[in-house]
Each structure stands twice: as C-alpha cells, then as structure tokens.
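Pasted below: data.cif, mmCIF, C-alpha atoms and all ligand atoms.
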```
data_model
#
loop_
_atom_site.label_atom_id
_atom_site.label_comp_id
_atom_site.auth_asym_id
_atom_site.auth_seq_id
_atom_site.Cartn_x
_atom_site.Cartn_y
_atom_site.Cartn_z
CA MET J 1 -41.21 10.38 26.48
CA ILE J 2 -44.08 8.69 28.29
CA GLU J 3 -44.72 5.12 27.31
CA SER J 4 -47.79 3.24 28.39
CA GLY J 5 -47.15 0.39 30.75
CA SER J 6 -49.02 -2.87 31.00
CA SER J 7 -52.30 -1.43 32.30
CA ASP J 8 -52.94 1.44 29.92
CA SER J 9 -53.55 0.77 26.30
CA ALA J 10 -51.61 2.90 23.83
CA ALA J 11 -54.87 4.47 22.68
CA SER J 12 -55.91 5.90 26.06
CA PRO J 13 -53.92 8.61 27.82
CA PRO J 14 -52.46 7.56 31.20
CA ARG J 15 -55.00 8.14 33.97
CA ARG J 16 -54.27 10.69 36.69
CA SER J 17 -53.97 9.87 40.34
CA ARG J 18 -53.45 11.86 43.54
CA LEU J 19 -50.86 9.33 44.67
CA ILE J 20 -47.90 8.53 42.48
CA VAL J 21 -45.45 5.78 43.31
CA LEU J 22 -42.19 6.42 41.48
CA ALA J 23 -39.79 3.50 41.18
CA GLY J 24 -37.04 2.47 38.83
CA PRO J 25 -33.53 1.07 38.85
CA THR J 26 -30.76 2.45 40.98
CA ALA J 27 -29.04 5.58 39.65
CA VAL J 28 -31.75 6.23 37.05
CA GLY J 29 -32.22 9.62 38.71
CA LYS J 30 -35.38 9.13 40.78
CA GLY J 31 -33.97 11.29 43.56
CA THR J 32 -32.96 14.05 41.14
CA VAL J 33 -36.33 13.98 39.39
CA ALA J 34 -38.10 14.08 42.78
CA ALA J 35 -35.90 17.03 43.83
CA ASP J 36 -36.85 18.88 40.63
CA VAL J 37 -40.54 18.29 41.36
CA ARG J 38 -40.00 19.52 44.95
CA ARG J 39 -38.30 22.69 43.73
CA ARG J 40 -40.74 23.64 40.99
CA HIS J 41 -43.98 22.20 42.29
CA PRO J 42 -44.44 22.93 45.98
CA GLU J 43 -48.07 21.86 45.57
CA VAL J 44 -46.84 18.28 45.29
CA TRP J 45 -46.17 16.62 48.62
CA ILE J 46 -43.23 14.21 48.57
CA SER J 47 -42.84 11.57 51.24
CA VAL J 48 -39.68 11.60 53.38
CA SER J 49 -38.60 8.00 53.97
CA ALA J 50 -37.01 6.58 57.08
CA THR J 51 -33.71 4.78 56.54
CA THR J 52 -31.08 3.00 58.58
CA ARG J 53 -28.28 4.05 56.22
CA ALA J 54 -25.88 6.83 57.20
CA PRO J 55 -26.41 10.30 55.72
CA ARG J 56 -24.26 11.25 52.72
CA PRO J 57 -22.54 14.63 52.76
CA GLY J 58 -25.15 17.36 52.37
CA GLU J 59 -28.10 15.18 53.33
CA GLU J 60 -30.31 16.54 56.08
CA ASN J 61 -32.43 14.68 58.57
CA GLY J 62 -36.10 15.25 57.85
CA VAL J 63 -35.40 16.67 54.39
CA HIS J 64 -33.79 13.88 52.38
CA TYR J 65 -34.56 11.08 54.84
CA TRP J 66 -35.33 10.47 58.47
CA PHE J 67 -32.07 8.83 59.50
CA VAL J 68 -32.90 6.34 62.22
CA SER J 69 -31.14 3.57 64.12
CA ASN J 70 -31.94 -0.11 63.62
CA GLU J 71 -33.81 -0.05 66.93
CA GLU J 72 -35.91 2.93 65.88
CA PHE J 73 -36.70 1.26 62.57
CA ASP J 74 -37.74 -1.93 64.40
CA ALA J 75 -40.04 0.15 66.60
CA MET J 76 -41.63 1.81 63.56
CA ILE J 77 -42.37 -1.63 62.08
CA GLU J 78 -43.75 -2.88 65.43
CA ARG J 79 -46.11 0.07 65.73
CA GLY J 80 -47.34 -0.36 62.16
CA ASP J 81 -46.04 3.11 61.31
CA LEU J 82 -44.70 2.10 57.90
CA LEU J 83 -46.82 1.87 54.79
CA GLU J 84 -44.09 -0.30 53.26
CA TRP J 85 -40.46 -1.06 53.93
CA ALA J 86 -37.63 -3.02 52.37
CA VAL J 87 -33.97 -3.87 52.61
CA VAL J 88 -32.45 -2.11 49.60
CA HIS J 89 -29.19 -3.14 47.92
CA GLN J 90 -28.73 -5.73 50.68
CA ALA J 91 -27.44 -2.86 52.73
CA ALA J 92 -29.95 -0.79 54.69
CA ARG J 93 -33.66 -0.63 55.46
CA TYR J 94 -35.88 2.05 53.96
CA GLY J 95 -39.55 2.66 54.69
CA THR J 96 -42.40 5.08 54.08
CA PRO J 97 -44.02 6.57 57.21
CA ARG J 98 -47.74 5.97 56.80
CA GLY J 99 -49.20 8.93 58.76
CA PRO J 100 -47.85 11.75 56.60
CA VAL J 101 -49.06 10.03 53.41
CA ASP J 102 -52.58 9.70 54.82
CA LEU J 103 -52.53 13.34 55.91
CA ALA J 104 -51.32 14.60 52.54
CA LEU J 105 -53.98 12.63 50.68
CA ALA J 106 -56.71 13.69 53.15
CA SER J 107 -55.75 17.33 52.60
CA GLY J 108 -56.17 16.87 48.86
CA HIS J 109 -52.53 17.34 47.93
CA PRO J 110 -51.08 15.34 45.09
CA ALA J 111 -48.54 13.07 46.77
CA MET J 112 -45.53 11.13 45.62
CA LEU J 113 -43.49 8.26 47.00
CA GLU J 114 -40.02 7.63 45.57
CA ILE J 115 -39.26 4.07 46.60
CA ASP J 116 -37.68 0.85 45.37
CA LEU J 117 -39.41 -1.96 43.51
CA GLN J 118 -40.05 -4.12 46.57
CA GLY J 119 -41.75 -1.18 48.26
CA ALA J 120 -43.80 -0.37 45.16
CA ARG J 121 -45.09 -3.95 45.13
CA GLN J 122 -46.19 -3.62 48.75
CA VAL J 123 -48.02 -0.36 48.08
CA ARG J 124 -49.70 -2.00 45.08
CA GLU J 125 -51.23 -4.47 47.57
CA THR J 126 -52.52 -1.86 50.03
CA MET J 127 -53.20 1.15 47.78
CA PRO J 128 -54.02 -0.22 44.33
CA GLU J 129 -55.63 3.11 43.41
CA ALA J 130 -52.18 4.73 43.26
CA LEU J 131 -50.52 5.29 39.91
CA PHE J 132 -47.31 3.30 39.53
CA VAL J 133 -44.68 5.03 37.43
CA PHE J 134 -41.46 3.41 36.24
CA LEU J 135 -38.55 5.74 35.58
CA LYS J 136 -36.26 4.17 33.00
CA PRO J 137 -32.78 5.15 31.79
CA PRO J 138 -32.35 5.82 28.05
CA SER J 139 -30.08 2.73 27.94
CA TRP J 140 -28.19 0.26 30.12
CA ASP J 141 -24.87 1.93 29.27
CA GLU J 142 -26.26 5.27 30.37
CA LEU J 143 -27.38 3.75 33.66
CA VAL J 144 -23.87 2.36 34.32
CA ARG J 145 -22.36 5.73 33.37
CA ARG J 146 -24.64 7.57 35.82
CA LEU J 147 -23.86 5.14 38.60
CA VAL J 148 -20.11 5.42 38.08
CA GLY J 149 -20.37 9.19 37.57
CA ARG J 150 -22.06 9.69 40.94
CA GLY J 151 -18.88 8.42 42.60
CA THR J 152 -20.50 7.99 45.99
CA GLU J 153 -20.34 4.20 46.18
CA SER J 154 -17.46 1.75 46.57
CA GLU J 155 -16.70 -0.78 43.81
CA ALA J 156 -18.43 -3.58 45.76
CA GLU J 157 -21.44 -1.39 46.50
CA ARG J 158 -21.64 -0.40 42.82
CA GLU J 159 -21.64 -4.05 41.74
CA ARG J 160 -24.41 -4.79 44.22
CA ARG J 161 -26.47 -1.89 42.94
CA LEU J 162 -26.00 -2.91 39.29
CA GLU J 163 -27.16 -6.40 40.16
CA THR J 164 -30.31 -4.92 41.74
CA ALA J 165 -30.76 -2.61 38.73
CA ARG J 166 -30.77 -5.54 36.29
CA ALA J 167 -33.63 -7.19 38.15
CA GLU J 168 -35.46 -3.88 38.55
CA LEU J 169 -35.33 -3.09 34.82
CA ALA J 170 -37.08 -6.37 34.14
CA ALA J 171 -40.05 -5.25 36.27
CA GLU J 172 -41.13 -2.40 33.97
CA SER J 173 -44.22 -4.25 32.77
CA GLU J 174 -45.65 -4.28 36.31
CA PHE J 175 -46.05 -0.50 36.16
CA ASP J 176 -48.89 1.65 34.81
CA VAL J 177 -46.69 4.18 33.04
CA THR J 178 -43.03 4.40 31.99
CA ILE J 179 -41.16 7.68 31.82
CA VAL J 180 -37.76 7.63 30.10
CA ASN J 181 -35.35 9.89 31.95
CA HIS J 182 -33.59 11.56 29.02
CA GLU J 183 -33.50 14.86 30.86
CA VAL J 184 -34.42 15.56 34.48
CA HIS J 185 -36.70 18.55 34.05
CA ALA J 186 -38.69 16.97 31.23
CA ALA J 187 -39.13 13.78 33.23
CA ALA J 188 -40.26 15.78 36.28
CA GLU J 189 -42.84 17.68 34.20
CA GLN J 190 -44.20 14.43 32.79
CA LEU J 191 -44.54 13.11 36.30
CA VAL J 192 -46.37 16.18 37.58
CA ALA J 193 -48.72 16.06 34.60
CA LEU J 194 -49.84 12.65 35.85
CA MET J 195 -50.74 14.11 39.27
CA VAL J 196 -52.35 17.45 38.69
CA GLY J 197 -55.66 17.96 36.99
CA PRO J 198 -58.89 16.02 37.31
CA VAL J 199 -58.72 12.56 38.79
CA SER J 200 -60.11 9.93 36.47
CA THR J 201 -61.18 6.51 37.56
CA ARG J 202 -59.33 3.45 36.46
CA SER J 203 -60.92 1.81 33.48
CA ASP J 204 -59.01 -1.47 33.51
P1 LIG Y 301 -30.26 5.94 48.33
O1 LIG Y 301 -29.57 5.19 49.42
O2 LIG Y 301 -29.43 6.04 47.09
O3 LIG Y 301 -30.81 7.26 48.79
O4 LIG Y 301 -31.55 5.09 47.92
C1 LIG Y 301 -31.44 3.76 47.66
C2 LIG Y 301 -32.76 3.23 47.17
O5 LIG Y 301 -33.71 3.21 48.23
C3 LIG Y 301 -33.42 3.98 46.03
O6 LIG Y 301 -33.73 3.03 45.02
C4 LIG Y 301 -34.68 4.52 46.64
O7 LIG Y 301 -35.74 4.57 45.71
C5 LIG Y 301 -34.99 3.51 47.70
N1 LIG Y 301 -35.85 4.05 48.74
C6 LIG Y 301 -35.82 5.29 49.27
N2 LIG Y 301 -36.78 5.43 50.18
C7 LIG Y 301 -37.46 4.27 50.23
C8 LIG Y 301 -38.60 3.81 50.97
O8 LIG Y 301 -39.19 4.51 51.79
N3 LIG Y 301 -39.00 2.54 50.74
C9 LIG Y 301 -38.39 1.73 49.85
N4 LIG Y 301 -38.90 0.51 49.69
N5 LIG Y 301 -37.33 2.13 49.12
C10 LIG Y 301 -36.87 3.39 49.31
#
```
Please go through the file and, once you have read it, give me the structure as structure tokens.
Ligand code: 5GP
Amino acid sequence: MIESGSSDSAASPPRRSRLIVLAGPTAVGKGTVAADVRRRHPEVWISVSATTRAPRPGEENGVHYWFVSNEEFDAMIERGDLLEWAVVHQAARYGTPRGPVDLALASGHPAMLEIDLQGARQVRETMPEALFVFLKPPSWDELVRRLVGRGTESEAERERRLETARAELAAESEFDVTIVNHEVHAAAEQLVALMVGPVSTRSD
C-alpha cells in the first residue's frame, strides 16, 4: 500500500524522481527491500554507505557497506566526501559517499539511498529535488517482532534501537510518500515504480 505523505495530496499520484531516499524505523526491513530492488532491478543504482560498525557475518566490504575505521571516517568528513552522515543507534557512524551518487545521477540511472532519519533530513537540505520515502511496518508489534526475530543484536542494543524506532515512526509526516512493508517484494516494486518512468516536476 502506498500512502501519500505530507507533500502529495491524496488526489495526485506520487511524483517520480531519479533519486529516492528511503528511510524508516529500525528493523522495518529497509535493507531487505533494498536488496530485493538490487536483485530484480539492476537498472537501479543503490548507494553503498561507509560505516564504522563491524561487519556482521556474511557482510562484504564494498557490497553491503564500506567498513572503515574511525580515522578513515574522520578523513572522509574532512575532505567533504560525504553527502550526509550520522551516528545511528548511538553506536556507530554511517555516511553516504557523495561522488558515486553524483556519478549515478549524471549517468541518468535511477538512484536510491537507504539511510536513517537524521541522514534523510540532511539530504532534504542539500537535494530537495529527491523523493523522500518512508517505509513503515504494518504495526508496532510487528516491528518489535521483526527486531527480536533478527536475533543479531544484544538486549541492550535492541532497547536502544526500539527507542530510536519510536522517534523515527513519529517522523512519517516529513516524508513525501509512505510505503507500508507488508511484504518485501511488493514494497520493493512500489519503490521502483516511484523511480522509473518519466520524471515529473514537483507541483507543491
Ligand atoms: P545496520 O547497522 O542495521 O546495517 O543499519 C543501521 C541503520 O543505519 C539503518 O537504519 C540504516 O538505514 C542506517 N544507515 C545505513 N547507511 C546509512 C548512511 O549512509 N547514512 C545514514 N545516515 N544512515 C545509514
């Protein structure tokens, strides 16, 4: 289900944009939805973020993230290499390398960033022409279930992430479009539909 956010009236279909910023609460499935888009829609370029957190089992450098040291991350900030960055879950820093985004857009590819709310707000400042999409869980209970089900975080880490999620859910109205993640593939298709096809200009 696609719901209109604050900027699109219910009467007008959501506008399309070459750059989509996908955000939403922790464990809503942003990463899984992005992976589905990557698998089925190679025409969509998806940004690989830099992070100071350690890789999880199965995660590959340059594929899931660029895993960098604190010093390397500092240097990226110094050089102005990051389009946005944030400390997420009070734990690690995450940021979007700017160069690859510019290249993808210049080459005409639809592009997507999968980032947290703080990052989305920064991109809103510098690239207001992007389309901001909020991925929402069907319910709060479902969000908790998904977070517990993932089993990759400690109890303390889970509590921290739920606290962040509560605040993030409240930010839905800042976004152009909401997609409810009932099912991964359907959510991914809704997302791609916002990127491909003719670009319309913003009317609001
Ligand atoms: P995880 O550690 O579970 O892979 O991701 C934690 C959170 O970091 C997710 O909410 C994800 O959207 C966010 N995140 C991933 N990459 C970036 C980024 O480049 N910038 C920002 N601001 N957040 C990011």
Gap from atom CA of J:Val180 to atom C4 of ligand LIG 301 (chain Y) - Å, one decimal: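 Interatomic distance, atom CA of J:Val180 to atom C4 of ligand LIG 301 (chain Y): 17.1 Å.
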Excluding J:Val28 and residues on its chain fewer than 4 positions from it, collect all residues at most 12 Å away from it, counting all atoms listed in the file, and give them as JSON, numbers by chain. {"J": [22, 23, 24, 32, 33, 34, 114, 116, 134, 135, 136, 137, 138, 139, 140, 141, 142, 143, 144, 145, 146, 147, 148, 149, 150, 161, 162, 165, 166, 168, 169, 179, 180, 181, 182, 183, 184, 187]}
Ranking J:Glu43, J:Asp36, J:Glu59, J:Asp81 by minimum distance to J:Arg98 and counting all atoms listed in the file, which one comes first?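 Of the candidates, the smallest distance to J:Arg98 is held by J:Asp81.
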Using all atoms listed in the file, which residues have at least one atom no more than 8 Å from ligand LIG 301 (chain Y)? Output them as number ranges by chain. J: 22-27, 30-31, 47-51, 53, 65, 84-89, 92-97, 113-120
Selected residue, from J:Leu19, J:Leu83, J:Val63, J:Val177, that lies nearest to J:Glu125 when counting only C-alpha atoms: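 Smallest separation from J:Glu125 among the options: J:Leu83.
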Just give me the gap between atom CA of J:Thr178 and atom CA of J:Gly62 in Å, one decimal is fine. 28.9 Å
Within 8 Å of J:Ala130, counting all atoms listed in the file, which residues qualify if same-chain residues fewer than 5 places away don't, as an MDAnalysis selection string? chainID J and resid 17:21 124
Please dump the current selection as a short mmCIF file (atom, residue, chain, number, x, y, z; two decimals), keeping the file's coordinate frame; keep C-alpha atoms.
```
data_model
loop_
_atom_site.label_atom_id
_atom_site.label_comp_id
_atom_site.auth_asym_id
_atom_site.auth_seq_id
_atom_site.Cartn_x
_atom_site.Cartn_y
_atom_site.Cartn_z
CA SER J 17 -53.97 9.87 40.34
CA ARG J 18 -53.45 11.86 43.54
CA LEU J 19 -50.86 9.33 44.67
CA ILE J 20 -47.90 8.53 42.48
CA VAL J 21 -45.45 5.78 43.31
CA ARG J 124 -49.70 -2.00 45.08
#
```
Need the axis-aligned box for stretch 139-154 of chain J with 8 Å each side, so what are the centre and edges in Å to one decimal, as lines of an AutoDock Vina configuration file?
```
center_x = -23.8
center_y = 5.0
center_z = 37.3
size_x = 28.6
size_y = 25.4
size_z = 34.6
```
Return the single residue from J:Met195, J:Glu153, J:Ala111, J:Arg121 that is closest to J:Ala171, with distances computed using only C-alpha atoms.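 Nearest candidate to J:Ala171 out of J:Met195, J:Glu153, J:Ala111, J:Arg121: J:Arg121.
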Grab the atom CA of J:His41 to atom CA of J:Val192 distance for me, in Å with one decimal place.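 Between atom CA of J:His41 and atom CA of J:Val192 the gap works out to 8.0 Å.
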Quick one: of J:Arg160, J:Asn61, J:Met112, J:Ala167, who's nearest to J:Ala188, counting only C-alpha atoms?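 Closest to J:Ala188 of all the choices is J:Met112.
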For J:Trp66, the closest of J:Ala54, J:Arg38, J:Ser173, J:His109 counting all atoms listed in the file is J:Ala54
Given only C-alpha atoms as the basis, pick out the residue of J:Ala170, J:Thr152, J:Ala193, J:Gly99 nearest to J:Arg56. J:Thr152
Export stretch 132-156 of chain J from the structure block above, keeping N, CA, C and O atoms, as a CSV table (one decimal), in the first residue's frame.
```csv
chain,number,residue,atom,x,y,z
J,132,PHE,N,11.4,11.6,-1.0
J,132,PHE,CA,11.7,11.0,0.3
J,132,PHE,C,10.6,10.0,0.7
J,132,PHE,O,9.4,10.4,0.8
J,133,VAL,N,11.0,8.8,0.8
J,133,VAL,CA,10.0,7.7,1.0
J,133,VAL,C,10.2,7.1,2.4
J,133,VAL,O,11.3,6.7,2.8
J,134,PHE,N,9.1,7.0,3.1
J,134,PHE,CA,9.1,6.4,4.5
J,134,PHE,C,8.6,5.0,4.4
J,134,PHE,O,7.5,4.7,4.0
J,135,LEU,N,9.4,4.0,4.8
J,135,LEU,CA,9.0,2.6,4.9
J,135,LEU,C,8.5,2.4,6.3
J,135,LEU,O,9.2,2.6,7.3
J,136,LYS,N,7.2,1.9,6.4
J,136,LYS,CA,6.6,1.8,7.7
J,136,LYS,C,6.2,0.3,8.0
J,136,LYS,O,5.8,-0.4,7.0
J,137,PRO,N,6.3,-0.1,9.2
J,137,PRO,CA,5.9,-1.5,9.5
J,137,PRO,C,4.3,-1.5,9.5
J,137,PRO,O,3.7,-0.5,9.8
J,138,PRO,N,3.7,-2.7,9.3
J,138,PRO,CA,2.3,-2.8,9.4
J,138,PRO,C,1.8,-2.4,10.8
J,138,PRO,O,0.7,-1.9,10.9
J,139,SER,N,2.6,-2.6,11.9
J,139,SER,CA,2.2,-2.2,13.2
J,139,SER,C,3.4,-2.2,14.1
J,139,SER,O,4.5,-2.7,13.7
J,140,TRP,N,3.3,-1.6,15.3
J,140,TRP,CA,4.4,-1.5,16.2
J,140,TRP,C,4.8,-2.9,16.7
J,140,TRP,O,6.0,-3.3,16.8
J,141,ASP,N,3.8,-3.8,17.0
J,141,ASP,CA,4.1,-5.1,17.4
J,141,ASP,C,4.9,-5.9,16.4
J,141,ASP,O,5.8,-6.7,16.7
J,142,GLU,N,4.5,-5.7,15.1
J,142,GLU,CA,5.2,-6.4,14.0
J,142,GLU,C,6.7,-5.9,14.0
J,142,GLU,O,7.6,-6.7,13.7
J,143,LEU,N,6.9,-4.6,14.2
J,143,LEU,CA,8.2,-4.1,14.2
J,143,LEU,C,9.1,-4.7,15.3
J,143,LEU,O,10.2,-5.1,15.1
J,144,VAL,N,8.5,-4.8,16.5
J,144,VAL,CA,9.2,-5.4,17.7
J,144,VAL,C,9.5,-6.9,17.3
J,144,VAL,O,10.6,-7.4,17.5
J,145,ARG,N,8.5,-7.6,16.7
J,145,ARG,CA,8.7,-9.0,16.4
J,145,ARG,C,9.9,-9.2,15.4
J,145,ARG,O,10.7,-10.0,15.5
J,146,ARG,N,9.9,-8.3,14.4
J,146,ARG,CA,11.0,-8.4,13.4
J,146,ARG,C,12.4,-8.1,14.0
J,146,ARG,O,13.3,-8.7,13.7
J,147,LEU,N,12.4,-7.2,14.9
J,147,LEU,CA,13.7,-6.8,15.6
J,147,LEU,C,14.2,-8.0,16.4
J,147,LEU,O,15.3,-8.3,16.4
J,148,VAL,N,13.2,-8.6,17.2
J,148,VAL,CA,13.6,-9.7,18.0
J,148,VAL,C,14.0,-10.9,17.1
J,148,VAL,O,14.9,-11.6,17.4
J,149,GLY,N,13.2,-11.1,16.1
J,149,GLY,CA,13.4,-12.2,15.2
J,149,GLY,C,14.7,-12.2,14.5
J,149,GLY,O,15.3,-13.3,14.2
J,150,ARG,N,15.3,-11.0,14.3
J,150,ARG,CA,16.5,-10.9,13.5
J,150,ARG,C,17.6,-11.5,14.4
J,150,ARG,O,18.6,-12.1,13.8
J,151,GLY,N,17.5,-11.4,15.7
J,151,GLY,CA,18.5,-12.1,16.6
J,151,GLY,C,19.9,-11.7,16.5
J,151,GLY,O,20.8,-12.4,17.0
J,152,THR,N,20.2,-10.5,15.9
J,152,THR,CA,21.6,-10.1,15.7
J,152,THR,C,22.1,-9.1,16.7
J,152,THR,O,23.2,-8.8,16.8
J,153,GLU,N,21.1,-8.6,17.5
J,153,GLU,CA,21.5,-7.6,18.5
J,153,GLU,C,21.4,-8.1,19.9
J,153,GLU,O,20.5,-8.9,20.2
J,154,SER,N,22.2,-7.5,20.8
J,154,SER,CA,22.0,-7.8,22.2
J,154,SER,C,20.8,-7.2,22.8
J,154,SER,O,20.2,-6.3,22.1
J,155,GLU,N,20.4,-7.6,24.0
J,155,GLU,CA,19.2,-7.0,24.7
J,155,GLU,C,19.3,-5.4,24.7
J,155,GLU,O,18.4,-4.7,24.4
J,156,ALA,N,20.5,-5.0,25.2
J,156,ALA,CA,20.7,-3.5,25.4
J,156,ALA,C,20.7,-2.8,24.0
J,156,ALA,O,20.0,-1.8,23.9
```
